[in-house]
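What follows is work-v6.tsv (TSV, C-alpha atoms).
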chain	number	residue	atom	x	y	z
A	1	MET	CA	13.73	-16.32	6.75
A	2	LEU	CA	10.30	-17.27	5.39
A	3	LYS	CA	10.41	-17.83	1.65
A	4	TRP	CA	7.57	-18.86	-0.63
A	5	VAL	CA	6.74	-18.64	-4.28
A	6	LEU	CA	4.47	-15.67	-4.80
A	7	ALA	CA	1.90	-17.72	-6.66
A	8	THR	CA	1.35	-19.93	-3.63
A	9	THR	CA	1.47	-17.13	-1.09
A	10	LEU	CA	-1.16	-14.78	-2.48
A	11	VAL	CA	-4.14	-17.00	-1.82
A	12	CYS	CA	-6.73	-14.34	-1.04
A	13	GLY	CA	-7.23	-13.02	-4.55
A	14	SER	CA	-8.30	-14.57	-7.81
A	15	MET	CA	-6.47	-17.82	-8.50
A	16	THR	CA	-6.43	-17.24	-12.25
A	17	SER	CA	-5.10	-13.70	-12.02
A	18	TYR	CA	-1.84	-14.37	-10.23
A	19	ALA	CA	-1.09	-17.97	-11.07
A	20	GLN	CA	1.38	-16.80	-13.72
A	21	GLU	CA	3.62	-15.06	-11.20
A	22	GLU	CA	6.60	-17.15	-10.17
A	23	GLU	CA	8.60	-14.89	-7.91
A	24	THR	CA	10.01	-15.83	-4.53
A	25	VAL	CA	9.00	-13.59	-1.64
A	26	ASP	CA	10.50	-13.28	1.83
A	27	ALA	CA	7.41	-13.09	4.03
A	28	TYR	CA	7.90	-11.41	7.38
A	29	PHE	CA	5.38	-13.66	9.14
A	30	THR	CA	3.47	-16.86	8.46
A	31	THR	CA	-0.32	-17.10	8.38
A	32	SER	CA	-0.35	-18.49	11.92
A	33	ASP	CA	1.62	-15.45	13.11
A	34	MET	CA	-1.06	-13.04	11.94
A	35	PRO	CA	-4.04	-11.86	14.06
A	36	ASP	CA	-7.09	-14.12	13.71
A	37	MET	CA	-9.86	-12.27	11.89
A	38	ARG	CA	-12.44	-14.75	13.12
A	39	VAL	CA	-11.84	-13.42	16.64
A	40	PHE	CA	-11.31	-9.67	16.26
A	41	LEU	CA	-13.89	-9.09	13.49
A	42	PRO	CA	-17.53	-10.22	13.28
A	43	ALA	CA	-18.72	-12.90	10.86
A	44	PRO	CA	-20.25	-11.85	7.51
A	45	PRO	CA	-23.75	-10.34	7.88
A	46	ASP	CA	-26.67	-12.75	8.08
A	47	SER	CA	-29.00	-12.56	5.07
A	48	THR	CA	-31.84	-11.36	7.33
A	49	SER	CA	-29.83	-8.49	8.89
A	50	ALA	CA	-29.87	-4.76	8.19
A	51	ALA	CA	-26.17	-5.00	7.34
A	52	PHE	CA	-26.97	-7.41	4.52
A	53	LEU	CA	-29.62	-5.02	3.19
A	54	ASN	CA	-26.81	-2.48	2.93
A	55	ASP	CA	-24.73	-5.07	1.07
A	56	VAL	CA	-27.55	-5.54	-1.43
A	57	SER	CA	-28.01	-1.78	-1.81
A	58	ARG	CA	-24.31	-1.32	-2.48
A	59	TYR	CA	-24.34	-4.16	-5.00
A	60	TYR	CA	-26.88	-2.21	-7.04
A	61	TRP	CA	-24.78	0.91	-6.60
A	62	GLY	CA	-21.86	-1.00	-8.13
A	63	LYS	CA	-23.98	-2.05	-11.09
A	64	GLU	CA	-24.99	1.58	-11.61
A	65	MET	CA	-21.35	2.65	-11.62
A	66	ARG	CA	-20.67	0.31	-14.53
A	67	LYS	CA	-22.52	2.80	-16.74
A	68	ASP	CA	-19.55	5.15	-16.32
A	69	PRO	CA	-17.06	3.92	-18.99
A	70	GLU	CA	-14.00	5.26	-17.17
A	71	ARG	CA	-14.97	3.73	-13.83
A	72	ALA	CA	-15.88	0.43	-15.45
A	73	ALA	CA	-12.55	0.33	-17.28
A	74	GLU	CA	-10.64	1.08	-14.08
A	75	ALA	CA	-12.56	-1.58	-12.13
A	76	THR	CA	-11.81	-4.13	-14.84
A	77	ARG	CA	-8.10	-3.32	-14.73
A	78	ASP	CA	-8.11	-3.56	-10.94
A	79	ALA	CA	-9.71	-7.00	-11.16
A	80	VAL	CA	-6.42	-8.47	-12.38
A	81	TYR	CA	-5.02	-9.49	-9.02
A	82	GLY	CA	-1.34	-8.98	-8.27
A	83	LEU	CA	1.41	-6.56	-7.43
A	84	GLU	CA	2.00	-5.72	-11.08
A	85	THR	CA	-1.50	-4.23	-11.30
A	86	ILE	CA	-0.96	-2.31	-8.07
A	87	LEU	CA	2.29	-0.77	-9.31
A	88	THR	CA	0.69	0.28	-12.59
A	89	GLU	CA	-2.57	1.60	-11.18
A	90	PHE	CA	-1.01	3.38	-8.18
A	91	GLU	CA	1.87	4.95	-10.11
A	92	GLU	CA	0.17	8.32	-10.60
A	93	ALA	CA	-0.92	8.54	-6.96
A	94	PHE	CA	2.52	7.51	-5.68
A	95	GLY	CA	4.29	9.90	-8.02
A	96	MET	CA	6.95	7.48	-9.20
A	97	LYS	CA	7.24	4.37	-11.33
A	98	ILE	CA	8.20	1.35	-9.21
A	99	THR	CA	10.09	-1.52	-10.84
A	100	PRO	CA	12.40	-4.30	-9.59
A	101	GLU	CA	15.21	-2.83	-11.68
A	102	ASP	CA	14.89	0.90	-10.97
A	103	THR	CA	13.57	0.85	-7.40
A	104	PRO	CA	14.69	-2.52	-5.95
A	105	GLU	CA	14.35	-1.58	-2.27
A	106	ILE	CA	10.88	-0.07	-2.66
A	107	TYR	CA	9.78	-3.00	-4.79
A	108	LYS	CA	11.05	-5.52	-2.25
A	109	VAL	CA	9.25	-4.01	0.74
A	110	LEU	CA	6.02	-3.81	-1.25
A	111	ARG	CA	6.35	-7.35	-2.58
A	112	ASP	CA	7.16	-8.96	0.75
A	113	GLY	CA	4.95	-6.65	2.79
A	114	THR	CA	1.78	-7.16	0.74
A	115	ALA	CA	2.37	-10.92	0.55
A	116	THR	CA	2.63	-11.04	4.34
A	117	CYS	CA	-0.50	-8.92	4.84
A	118	ASP	CA	-2.36	-11.09	2.35
A	119	SER	CA	-1.97	-14.14	4.58
A	120	ILE	CA	-4.28	-12.68	7.23
A	121	CYS	CA	-7.32	-13.56	5.11
A	122	THR	CA	-6.34	-17.15	4.31
A	123	ILE	CA	-8.11	-18.75	7.28
A	124	PRO	CA	-11.34	-16.67	7.34
A	125	LYS	CA	-11.90	-17.08	3.60
A	126	ALA	CA	-11.81	-20.86	3.94
A	127	TYR	CA	-13.74	-20.79	7.22
A	128	TYR	CA	-16.71	-18.70	6.07
A	129	MET	CA	-16.75	-19.55	2.34
A	130	ARG	CA	-19.21	-16.74	1.77
A	131	ARG	CA	-21.00	-16.75	-1.57
A	132	ARG	CA	-20.25	-13.80	-3.80
A	133	PRO	CA	-22.91	-11.37	-5.05
A	134	PHE	CA	-22.76	-12.49	-8.66
A	135	MET	CA	-23.47	-16.02	-7.45
A	136	VAL	CA	-26.40	-14.94	-5.28
A	137	PHE	CA	-27.98	-12.85	-8.04
A	138	ASN	CA	-26.88	-15.20	-10.83
A	139	GLU	CA	-25.57	-12.29	-12.87
A	140	PRO	CA	-22.29	-11.79	-14.76
A	141	THR	CA	-19.43	-9.67	-13.45
A	142	LEU	CA	-17.34	-7.14	-15.31
A	143	TYR	CA	-14.49	-9.64	-15.33
A	144	PRO	CA	-15.88	-13.04	-16.36
A	145	GLU	CA	-12.39	-14.54	-16.65
A	146	ASP	CA	-12.28	-14.82	-12.86
A	147	GLU	CA	-15.77	-16.11	-12.17
A	148	GLU	CA	-15.04	-19.83	-12.22
A	149	ALA	CA	-12.15	-19.50	-9.75
A	150	LEU	CA	-14.06	-17.04	-7.55
A	151	ARG	CA	-16.89	-19.53	-7.08
A	152	LYS	CA	-14.40	-21.72	-5.21
A	153	ASN	CA	-12.86	-18.85	-3.24
A	154	GLY	CA	-14.72	-17.31	-0.29
A	155	SER	CA	-15.93	-13.73	-0.57
A	156	TYR	CA	-15.19	-12.62	3.02
A	157	PRO	CA	-12.94	-10.72	3.35
A	158	SER	CA	-12.04	-9.24	-0.03
A	159	GLY	CA	-8.50	-10.22	-0.96
A	160	HIS	CA	-8.29	-7.53	-3.62
A	161	THR	CA	-9.32	-4.85	-1.12
A	162	LEU	CA	-6.79	-6.15	1.40
A	163	LEU	CA	-4.05	-5.99	-1.22
A	164	GLY	CA	-5.04	-2.49	-2.31
A	165	TRP	CA	-5.27	-1.07	1.20
A	166	SER	CA	-2.07	-2.68	2.49
A	167	SER	CA	-0.27	-1.42	-0.62
A	168	ALA	CA	-1.61	2.08	0.01
A	169	LEU	CA	-0.45	2.04	3.63
A	170	LEU	CA	3.03	0.87	2.65
A	171	MET	CA	3.33	3.42	-0.16
A	172	MET	CA	2.14	6.18	2.14
A	173	GLU	CA	4.90	5.33	4.60
A	174	ILE	CA	7.46	5.62	1.83
A	175	ASN	CA	6.04	8.84	0.36
A	176	PRO	CA	3.99	10.60	3.07
A	177	ASP	CA	3.72	13.78	1.01
A	178	ARG	CA	1.36	11.91	-1.35
A	179	ALA	CA	-0.67	10.27	1.43
A	180	THR	CA	-4.02	11.73	0.36
A	181	GLU	CA	-3.63	10.68	-3.27
A	182	ILE	CA	-2.36	7.21	-2.37
A	183	LEU	CA	-5.11	6.48	0.15
A	184	THR	CA	-7.78	7.78	-2.23
A	185	ARG	CA	-6.62	5.35	-4.90
A	186	GLY	CA	-6.28	2.56	-2.36
A	187	TYR	CA	-9.86	3.03	-1.17
A	188	ARG	CA	-11.21	3.16	-4.72
A	189	TYR	CA	-9.30	-0.02	-5.58
A	190	GLY	CA	-11.35	-1.92	-3.00
A	191	GLU	CA	-14.54	-0.12	-3.93
A	192	ASN	CA	-14.07	-1.31	-7.50
A	193	ARG	CA	-14.77	-4.85	-6.30
A	194	LEU	CA	-18.38	-3.74	-5.88
A	195	VAL	CA	-18.34	-2.26	-9.38
A	196	VAL	CA	-17.07	-5.55	-10.78
A	197	GLY	CA	-19.72	-7.46	-8.81
A	198	ALA	CA	-17.29	-9.83	-7.11
A	199	HIS	CA	-17.69	-8.63	-3.51
A	200	TRP	CA	-20.14	-7.29	-0.96
A	201	GLN	CA	-19.60	-3.99	0.84
A	202	SER	CA	-19.03	-5.82	4.13
A	203	ASP	CA	-16.29	-7.87	2.45
A	204	THR	CA	-14.37	-4.71	1.59
A	205	ASP	CA	-14.99	-3.08	4.97
A	206	ALA	CA	-13.59	-6.11	6.79
A	207	ALA	CA	-10.63	-6.29	4.42
A	208	ARG	CA	-9.52	-2.73	5.14
A	209	LEU	CA	-9.62	-3.39	8.88
A	210	ALA	CA	-7.70	-6.64	8.39
A	211	ALA	CA	-5.13	-4.89	6.19
A	212	SER	CA	-4.60	-2.24	8.87
A	213	ALA	CA	-4.10	-4.95	11.51
A	214	ALA	CA	-1.65	-6.80	9.26
A	215	TYR	CA	0.19	-3.55	8.51
A	216	ALA	CA	0.62	-2.93	12.24
A	217	ARG	CA	1.90	-6.48	12.65
A	218	LEU	CA	4.55	-5.82	10.01
A	219	HIS	CA	6.01	-3.10	12.21
A	220	THR	CA	6.89	-5.64	14.89
A	221	SER	CA	9.39	-7.23	12.48
A	222	GLU	CA	12.91	-5.82	12.68
A	223	ARG	CA	13.59	-7.16	9.19
A	224	PHE	CA	10.60	-5.26	7.84
A	225	LEU	CA	11.64	-2.05	9.59
A	226	GLU	CA	15.13	-2.34	8.13
A	227	GLN	CA	13.77	-2.91	4.62
A	228	MET	CA	11.31	-0.03	4.96
A	229	LYS	CA	14.22	2.19	5.99
A	230	LYS	CA	16.09	1.17	2.84
A	231	ALA	CA	12.99	1.86	0.74
A	232	ARG	CA	12.53	5.32	2.22
A	233	GLU	CA	16.20	6.14	1.69
A	234	GLU	CA	16.03	4.95	-1.91
A	235	PHE	CA	12.93	7.06	-2.51
A	236	LYS	CA	14.58	10.14	-1.05
A	237	VAL	CA	17.65	9.73	-3.24
A	238	LEU	CA	15.53	9.24	-6.37
A	239	GLN	CA	13.58	12.37	-5.48
A	240	GLY	CA	16.81	14.33	-5.55
A	241	GLY	CA	17.48	14.36	-1.83
A	242	THR	CA	20.24	12.77	0.19
A	243	THR	CA	20.35	10.39	3.12
A	244	GLU	CA	23.60	11.78	4.49
A	245	ALA	CA	24.37	15.05	6.21
A	246	PRO	CA	25.96	17.47	3.73
A	247	ALA	CA	29.69	17.92	3.98
A	248	ALA	CA	30.78	21.11	5.68
A	249	THR	CA	31.83	23.85	3.29
A	250	ILE	CA	35.21	25.33	4.21
A	251	VAL	CA	35.43	28.99	3.26
A	252	PRO	CA	38.90	30.56	3.44
A	253	ILE	CA	38.63	33.91	5.16
A	254	ASN	CA	41.23	36.65	5.32
A	255	THR	CA	40.33	39.18	7.98
A	256	ALA	CA	43.42	41.29	7.49
A	257	ASP	CA	41.16	44.01	6.13
A	258	GLY	CA	39.75	44.47	9.64
A	259	ARG	CA	36.22	43.45	8.69
A	260	THR	CA	34.09	40.90	10.55
A	261	TYR	CA	32.70	37.79	8.81
A	262	ASN	CA	30.20	35.07	9.63
A	263	LEU	CA	31.09	31.36	9.35
A	264	GLN	CA	29.90	31.27	5.71
A	265	GLY	CA	32.49	33.91	4.75
A	266	MET	CA	29.99	36.72	4.33
A	267	PRO	CA	30.62	40.15	5.87
A	268	ALA	CA	28.86	40.47	9.23
A	269	GLY	CA	27.27	43.72	10.37
A	270	SER	CA	27.61	45.24	13.81
A	271	ASN	CA	24.25	43.74	14.80
A	272	THR	CA	25.23	40.15	13.93
A	273	ARG	CA	25.05	37.81	16.95
A	274	GLY	CA	26.53	34.36	17.45
A	275	ILE	CA	29.91	33.09	16.26
A	276	VAL	CA	31.80	35.41	13.95
A	277	ILE	CA	35.42	35.76	12.85
A	278	GLU	CA	37.42	38.81	13.80
A	279	ASN	CA	41.17	39.16	13.32
A	280	ASN	CA	41.41	35.49	12.24
A	281	GLN	CA	39.76	34.31	15.47
A	282	LYS	CA	36.30	32.99	16.32
A	283	VAL	CA	34.41	35.35	18.58
A	284	VAL	CA	31.01	34.87	20.20
A	285	ARG	CA	28.86	37.97	20.01
A	286	ARG	CA	26.04	38.16	22.55

Serialized structure, structure tokens:
Amino acid sequence: MLKWVLATTLVCGSMTSYAQEEETVDAYFTTSDMPDMRVFLPAPPDSTSAAFLNDVSRYYWGKEMRKDPERAAEATRDAVYGLETILTEFEEAFGMKITPEDTPEIYKVLRDGTATCDSICTIPKAYYMRRRPFMVFNEPTLYPEDEEALRKNGSYPSGHTLLGWSSALLMMEINPDRATEILTRGYRYGENRLVVGAHWQSDTDAARLAASAAYARLHTSERFLEQMKKAREEFKVLQGGTTEAPAATIVPINTADGRTYNLQGMPAGSNTRGIVIENNQKVVRR
């Protein structure tokens, strides 16, 4: 079993945001077990490419979105990296409050699953060490508390976006009826990195692809599949369902009156087909 302290495992986000977390996680895979982004995804766009022009255009879009107080406030909240933020910000979309105390199985699969997915960006971040937009334009972000740490942490891919998208995929698997709402919030969580000014569009695009690859990798772990099963069962119970087949209801029937009944003890008409009870015996009507 792979165990780390959460603060040392989540290396793709802001160092200052999650350094306070001291919780042990049981990762399903190590960084070396994860697919290599440097091979299956292209490098960050060159500054002379059309793709980079799109990055610049989207940076200015993000600055424009800051004029919306609600969007700016949401982006600032999302900037605080960590599972605690995810659970708070995704609660409405998921439709249930997730806590270690009240939903231990759901919390565990999210904690260990997102920590494992996060490790896919460890190597490419260090390898590319892409400069962030606020550094290139020499402008402040919406969350200045992170700027010093972010200058030492590569921009490609976006760790926040990877966390948000992997969380959305895991939550959707637990509560598929809320898939649209969960994925909408998950996408916006990554998009808010452009609003903050901490990431380029191509950083977030690559992160969603990487999160999807990491999510698929999770499903090759029997331990993950078992924990996800527990999480889904816990969710169903909390939603008022049951994970067990209902006990059969035994209905005492007295057919001495000459009438015919179905197996639920209700009178059966002459047109009723299937198994019925006549004269205290089961009879198949065809």

Find the residues of range 126-216 of chain A that sit at most 12 Å from range 94-111 of chain A; for each, write down the nearest two atoms and how far apart they are in Å, to one decimal. Count only C-alpha atoms. Sort by chain, then by number going up, and give it as CSV.
residue,atom,partner,partner_atom,distance
A:Leu163,CA,A:Leu110,CA,10.3
A:Gly164,CA,A:Leu110,CA,11.2
A:Trp165,CA,A:Leu110,CA,11.9
A:Ser166,CA,A:Leu110,CA,9.0
A:Ser167,CA,A:Leu110,CA,6.8
A:Ala168,CA,A:Phe94,CA,8.9
A:Leu169,CA,A:Leu110,CA,10.0
A:Leu170,CA,A:Leu110,CA,6.8
A:Met171,CA,A:Phe94,CA,6.9
A:Met172,CA,A:Phe94,CA,7.9
A:Glu173,CA,A:Phe94,CA,10.8
A:Ile174,CA,A:Ile106,CA,8.0
A:Asn175,CA,A:Phe94,CA,7.1
A:Pro176,CA,A:Phe94,CA,9.4
A:Asp177,CA,A:Phe94,CA,9.2
A:Arg178,CA,A:Phe94,CA,6.3
A:Ala179,CA,A:Phe94,CA,8.3
A:Thr180,CA,A:Phe94,CA,9.9
A:Glu181,CA,A:Phe94,CA,7.3
A:Ile182,CA,A:Phe94,CA,5.9
A:Leu183,CA,A:Phe94,CA,9.7
A:Thr184,CA,A:Phe94,CA,10.9
A:Arg185,CA,A:Phe94,CA,9.4
A:Gly186,CA,A:Phe94,CA,10.6
A:Tyr215,CA,A:Leu110,CA,11.4

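If you measure from each of A:Phe29, A:Ala216, A:Val195, A:Tyr127 to Asp68 in chain A using all atoms listed in the file, the closest one turns out to be A:Val195.
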
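Take the candidates A:Leu162, A:Leu53, A:Leu238, A:Ala206 and check each one against Cys12 in chain A using only C-alpha atoms; the shortest distance goes to A:Leu162.
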
(request) Record the distance separating CA of Thr31 in chain A and CA of Ile120 in chain A, expressed in Å with one decimal. (result)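 So the two atoms, CA of Thr31 in chain A and CA of Ile120 in chain A, lie 6.0 Å apart.
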
(request) Enter the distance from CA of Gly159 in chain A to CA of Thr204 in chain A, in Å, rounded to one decimal. (result) 8.4 Å

(message) So, with all atoms listed in the file as the atoms that count, which of A:Arg38, A:Lys67, A:Arg131, A:Arg77 lies closest to Trp200 in chain A?
(response)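 Of all the options, A:Arg131 lies closest to Trp200 in chain A.
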
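Taking CA of Tyr28 in chain A and CA of Leu83 in chain A as endpoints, the distance between them is 16.9 Å.
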
Give me the residues within 9 Å of Ala213 in chain A as a short mmCIF file (atom, residue, chain, number, x, y, z; two decimals) with C-alpha atoms, in the frame of the given file, counting only C-alpha atoms and dropping any in the same chain fewer than 2 places off.
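Below is the file that was written, selection31.cif:
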data_model
loop_
_atom_site.label_atom_id
_atom_site.label_comp_id
_atom_site.auth_asym_id
_atom_site.auth_seq_id
_atom_site.Cartn_x
_atom_site.Cartn_y
_atom_site.Cartn_z
CA MET A 34 -1.06 -13.04 11.94
CA PRO A 35 -4.04 -11.86 14.06
CA CYS A 117 -0.50 -8.92 4.84
CA ILE A 120 -4.28 -12.68 7.23
CA ARG A 208 -9.52 -2.73 5.14
CA LEU A 209 -9.62 -3.39 8.88
CA ALA A 210 -7.70 -6.64 8.39
CA ALA A 211 -5.13 -4.89 6.19
CA TYR A 215 0.19 -3.55 8.51
CA ALA A 216 0.62 -2.93 12.24
CA ARG A 217 1.90 -6.48 12.65
CA LEU A 218 4.55 -5.82 10.01
#

(request) Point out the residue among A:Tyr156, A:Phe40, A:Tyr81, A:Tyr189 with the least atom-to-atom distance to Pro124 in chain A, counting only C-alpha atoms. (result)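 Checking each candidate against Pro124 in chain A, we get A:Tyr156 as the closest.
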
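You can rank A:Ser155, A:Thr85, A:Arg188, A:Arg223 by their closest distance to Tyr128 in chain A using all atoms listed in the file, and at the top of that list sits A:Ser155.
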
(request) Determine the nearest neighbour of Glu148 in chain A from the options A:Val56, A:Thr24, A:Ala198, A:Tyr187, counting only C-alpha atoms. (result)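 So, comparing all the options, the nearest one is A:Ala198.
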
From the block you just saw, export range 221-238 of chain A: N, CA and C atoms, as a compact mmCIF listing (two decimals), in the first residue's frame.
# COMPACT_ATOMS: atom_id res chain seq x y z
N SER A 221 -6.81 -0.40 -10.96
CA SER A 221 -6.46 -0.78 -9.59
C SER A 221 -7.65 -1.47 -8.93
N GLU A 222 -7.47 -2.71 -8.51
CA GLU A 222 -8.54 -3.43 -7.83
C GLU A 222 -8.90 -2.76 -6.51
N ARG A 223 -7.90 -2.18 -5.86
CA ARG A 223 -8.17 -1.50 -4.58
C ARG A 223 -9.03 -0.26 -4.80
N PHE A 224 -8.75 0.45 -5.89
CA PHE A 224 -9.59 1.61 -6.21
C PHE A 224 -11.02 1.17 -6.52
N LEU A 225 -11.17 0.14 -7.33
CA LEU A 225 -12.50 -0.32 -7.71
C LEU A 225 -13.30 -0.75 -6.49
N GLU A 226 -12.64 -1.39 -5.54
CA GLU A 226 -13.31 -1.81 -4.32
C GLU A 226 -13.74 -0.60 -3.50
N GLN A 227 -12.87 0.41 -3.40
CA GLN A 227 -13.22 1.61 -2.64
C GLN A 227 -14.32 2.40 -3.33
N MET A 228 -14.28 2.46 -4.66
CA MET A 228 -15.34 3.16 -5.38
C MET A 228 -16.67 2.46 -5.17
N LYS A 229 -16.66 1.14 -5.12
CA LYS A 229 -17.88 0.39 -4.84
C LYS A 229 -18.44 0.75 -3.47
N LYS A 230 -17.56 0.85 -2.49
CA LYS A 230 -17.99 1.24 -1.14
C LYS A 230 -18.58 2.64 -1.15
N ALA A 231 -17.94 3.53 -1.89
CA ALA A 231 -18.41 4.92 -1.96
C ALA A 231 -19.80 5.00 -2.60
N ARG A 232 -20.00 4.25 -3.67
CA ARG A 232 -21.29 4.26 -4.34
C ARG A 232 -22.38 3.67 -3.45
N GLU A 233 -22.03 2.62 -2.73
CA GLU A 233 -23.00 2.01 -1.81
C GLU A 233 -23.35 2.97 -0.68
N GLU A 234 -22.35 3.66 -0.15
CA GLU A 234 -22.59 4.63 0.91
C GLU A 234 -23.50 5.75 0.40
N PHE A 235 -23.22 6.22 -0.80
CA PHE A 235 -24.04 7.29 -1.38
C PHE A 235 -25.48 6.84 -1.53
N LYS A 236 -25.67 5.63 -2.02
CA LYS A 236 -27.03 5.12 -2.23
C LYS A 236 -27.79 5.03 -0.93
N VAL A 237 -27.13 4.56 0.11
CA VAL A 237 -27.78 4.45 1.42
C VAL A 237 -28.16 5.83 1.94
N LEU A 238 -27.25 6.79 1.83
CA LEU A 238 -27.51 8.14 2.32
C LEU A 238 -28.61 8.84 1.53
